[in-house]
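The structure under discussion appears below in the form of C-alpha cells.
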Amino acid sequence: MSDFSIELDLDMDSLQSIFGQHDSYIAKIEKQLHVTVVNRDGSAKIIGEERNAQRAAELIEELAQSIHRGTELEEQRVDYVLQLAQEEENVSLQDMDSMCICHTVAGKPVKPKTIGQQQYVQAMKDHMIVFGLGPAGTGKTYLAMAMAITAFKNNEVERIILTRPAIEAGEKLGFLPGDLQSKVDPYLRPLYDALYQIMGAESFQKNMEKGAIEVAPLAYMRGRTLDNAYVILDEAQNTTEAQMKMFLTRIGFGSRVVVTGDLSQKDLAATTRSGLEVAVRVLSKVEDIAFCNLTSKDVVRHPLVQKIVKAYEDYEKKATKTAGKKYREKGKFDRNAKR
C-alpha cells in the first residue's frame with residue numbers, strides 16, 4: 001500500500017509544543033500511530049497509511065486547538081489523546097479545557113485532564129454527595145479540594161472540613177511524640193499539601209486560625225452536625241462500616257460532601273469490611289448521591305504510575321479469575337465425592 005500524506009498549517013509556537021523537547025512528543029505519535037511527521041517551518045507533513053495519517057492529523061489538530069485555548073501541553077495529555085485515538089474514541093479536549101475550577105497560588109489553572117475526571121468534577125457540581133473511587137494518581141482528592149476551596153471563596157459554604165481515618169499504611173508506627181495535633185498531622189499531610197498548593201500557606205493558616213478550615217481525623221466527627229460546609233473524607237477505604245455510617249449521618253443543611261477512596265489499597269485488618277465498600281452497595285440507588293469510578297486511564301501522575309496501576313489491575317483480575325476457577329473445581333470435586 002502506497003504512503004498517504006497530509007499537510008497541516010500550524011503556527012510555530014504550536015508546532016514547537018506539539019513536537020516537544022528533543023521531539024519527544026512527536027516521536028510518541030509517530031511510534032503509536034505508525035506515521036512520520038516532518039516539521040516544515042510552519043506546517044507539519046504527516047506520511048503513512050491513509051487511516052493512520054488521518055488519525056494522526058486529527059490528534060495533532062486537537063492538540064493545537066488545546067494550545068490555542070491556553071492549555072500548556074504536557075506529556076500526560078499527549079499520552080491520553082494517543083490512548084483515546086488507539087481505542088478509536090472521539091478525541092475532544094474542548095470541554096476539559098473550558099472546565100477551569102480555580103488557579104493555584106502560582107497561577108496554574110486546575111482543570112480535569114481526562115474524561116473520567118471531567119465527569120467527576122461535573123458530579124461534584126450537580127450532587128450533594130459524591131463518591132470518587134479509583135486508584136492512586138487519578139486526582140480524586142486534589143480535584144475535590146479545588147472544588148471545596150472554590151465553593152468557600154464564592155461564599156457557597158462557610159467552612160471546609162477535611163478528614164481521613166488515622167490508620168498506618170501497613171506499618172506500625174508506635175507512639176508518636178508531641179501533642180495531639182502533632183500525632184495526627186502525619187496522617188493528614190496529603191490534605192495539607194493540596195491546600196498549600198491551591199490556597200497558599202498564608203491564606204490557609206489565616207483561615208485555619210479562624211476555624212474556617214478544619215483538618216482533623218475522622219474520630220473527631222462523632223456527635224457533630226456539619227452545616228454549610230464542604231466536607232471531604234479522604235482514604236475512605238480505611239473506614240469501618242460504623243465509621244462510614246457515622247460520617248454520612250453528620251451531614252447538615254447547605255453542605256456538600258465528597259468521599260474519596262481506593263478499594264484496592266485497604267489498610268484495615270483482613271477480617272474487617274471496608275465502610276466504603278459497604279456504602280457503595282447500600283447507597284447505589286439513593287437520589288442525589290453520585291458514584292464516579294476512575295480507572296488507570298485517569299491517572300495523571302508520571303506515565304510510569306499509569307503503567308504500574310494497569311499492571312496491578314491486570315494481576316488482580318487474573319488472580320480473581322484463577323481463584324474463582326479453583327473454587328468452582330473444588331465445588332465440582334466435593335459434589336462428585338458425595339455421590
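Please note that chains go A, B, ... in the order of the C-alpha cells, that every chain numbers its residues from 1, and that ligands are numbered from 1 in the order shown.
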Problem set entry | Polymer residues at most 10 Å from Phe19 of chain A, only C-alpha atoms, same-chain spacing of 6 or more positions, as a list in words | Tyr25, Ile26, Ala27, Lys28, Ile29, Val37, Val38, Asn39, Ala44 and Ile60 of chain A
Polymer residues at most 12 Å from Leu304 of chain A, only C-alpha atoms, same-chain spacing of 5 or more positions, as an mmCIF file with C-alpha atoms, in the first residue's frame:
```
data_model
loop_
_atom_site.group_PDB
_atom_site.id
_atom_site.type_symbol
_atom_site.label_atom_id
_atom_site.label_comp_id
_atom_site.auth_asym_id
_atom_site.auth_seq_id
_atom_site.Cartn_x
_atom_site.Cartn_y
_atom_site.Cartn_z
ATOM 1 C CA GLU A 75 3.336 14.532 28.399
ATOM 2 C CA GLN A 76 0.228 13.260 30.187
ATOM 3 C CA ASP A 79 -0.305 10.071 26.191
ATOM 4 C CA GLY A 137 -2.881 9.370 40.893
ATOM 5 C CA SER A 296 -5.927 3.628 35.285
ATOM 6 C CA VAL A 299 -4.009 8.554 36.228
ATOM 7 C CA VAL A 309 -1.607 0.779 38.201
ATOM 8 C CA LYS A 310 -2.611 -1.015 35.000
ATOM 9 C CA ALA A 311 -0.187 -3.891 35.744
#
```
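Proximity of A:Gln65, A:Gln237, A:Thr114, A:Thr36 to Leu276 of chain A, computed with only C-alpha atoms, is greatest for A:Gln237.
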For this session: Considering only C-alpha atoms, return as an MDAnalysis selection string whatever protein or nucleic-acid residues lie within 12 Å of Ala151 of chain A, sequence-local ones (same chain, fewer than 4 positions apart) excluded.
Result: chainID A and resid 101:102 124:125 144:147 155:160 228:231 254:257
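Interatomic distance, atom CA of Asp227 of chain A against atom CA of Thr249 of chain A: 11.7 Å.
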For this session: Could you check how far atom CA of Pro112 of chain A sits from atom CA of Arg77 of chain A, in Å to one decimal?
Result: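 For atom CA of Pro112 of chain A relative to atom CA of Arg77 of chain A, the distance reads 10.9 Å.
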Problem set entry | Spatial neighbours of Arg224 of chain A, max dist 10 Å, only C-alpha atoms, sep filter under 6 positions, as a ChimeraX atom specification | /A:246-247,249-252
Exercise. How far is it from atom CA of Leu73 of chain A to atom CA of Ser14 of chain A, in Å with one decimal?
Worked result: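 Computed distance, atom CA of Leu73 of chain A to atom CA of Ser14 of chain A, equals 9.3 Å.
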For this session: For segment 206-223 of chain A, please output as a list of chain:residue names all residues within 8 Å (counting only C-alpha atoms; exclusion window: fewer than 2 positions along the same chain).
Result: A:Glu158, A:Arg159, A:Ile160, A:Ile161, A:Leu162, A:Thr163, A:Arg164, A:Pro165, A:Ala166, A:Val184, A:Leu188, A:Leu191, A:Glu202, A:Ser203, A:Phe204, A:Thr225, A:Leu233, A:Gln243, A:Met246, A:Phe247, A:Arg250
Selected residues written out, C-alpha atoms, as an mmCIF file, in the first residue's frame:
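File produced: part00.cif:
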```
data_model
loop_
_atom_site.group_PDB
_atom_site.id
_atom_site.type_symbol
_atom_site.label_atom_id
_atom_site.label_comp_id
_atom_site.auth_asym_id
_atom_site.auth_seq_id
_atom_site.Cartn_x
_atom_site.Cartn_y
_atom_site.Cartn_z
ATOM 1 C CA GLU A 158 -18.940 28.835 55.357
ATOM 2 C CA ARG A 159 -16.118 26.388 56.016
ATOM 3 C CA ILE A 160 -14.098 23.485 54.691
ATOM 4 C CA ILE A 161 -13.739 20.285 56.717
ATOM 5 C CA LEU A 162 -11.141 17.744 55.636
ATOM 6 C CA THR A 163 -10.912 14.394 57.349
ATOM 7 C CA ARG A 164 -9.483 10.914 56.988
ATOM 8 C CA PRO A 165 -9.167 7.817 59.184
ATOM 9 C CA ALA A 166 -5.870 7.718 61.105
ATOM 10 C CA VAL A 184 -2.395 13.273 63.708
ATOM 11 C CA LEU A 188 -3.300 14.405 57.185
ATOM 12 C CA LEU A 191 -4.520 17.168 52.567
ATOM 13 C CA GLU A 202 -0.531 32.218 54.466
ATOM 14 C CA SER A 203 -4.209 32.126 53.453
ATOM 15 C CA PHE A 204 -4.521 28.581 54.764
ATOM 16 C CA THR A 225 -23.676 18.206 62.719
ATOM 17 C CA LEU A 233 -13.469 12.331 53.568
ATOM 18 C CA GLN A 243 -17.374 4.958 60.887
ATOM 19 C CA MET A 246 -21.394 7.861 61.490
ATOM 20 C CA PHE A 247 -19.755 10.224 58.984
ATOM 21 C CA ARG A 250 -23.261 14.062 60.308
#
```
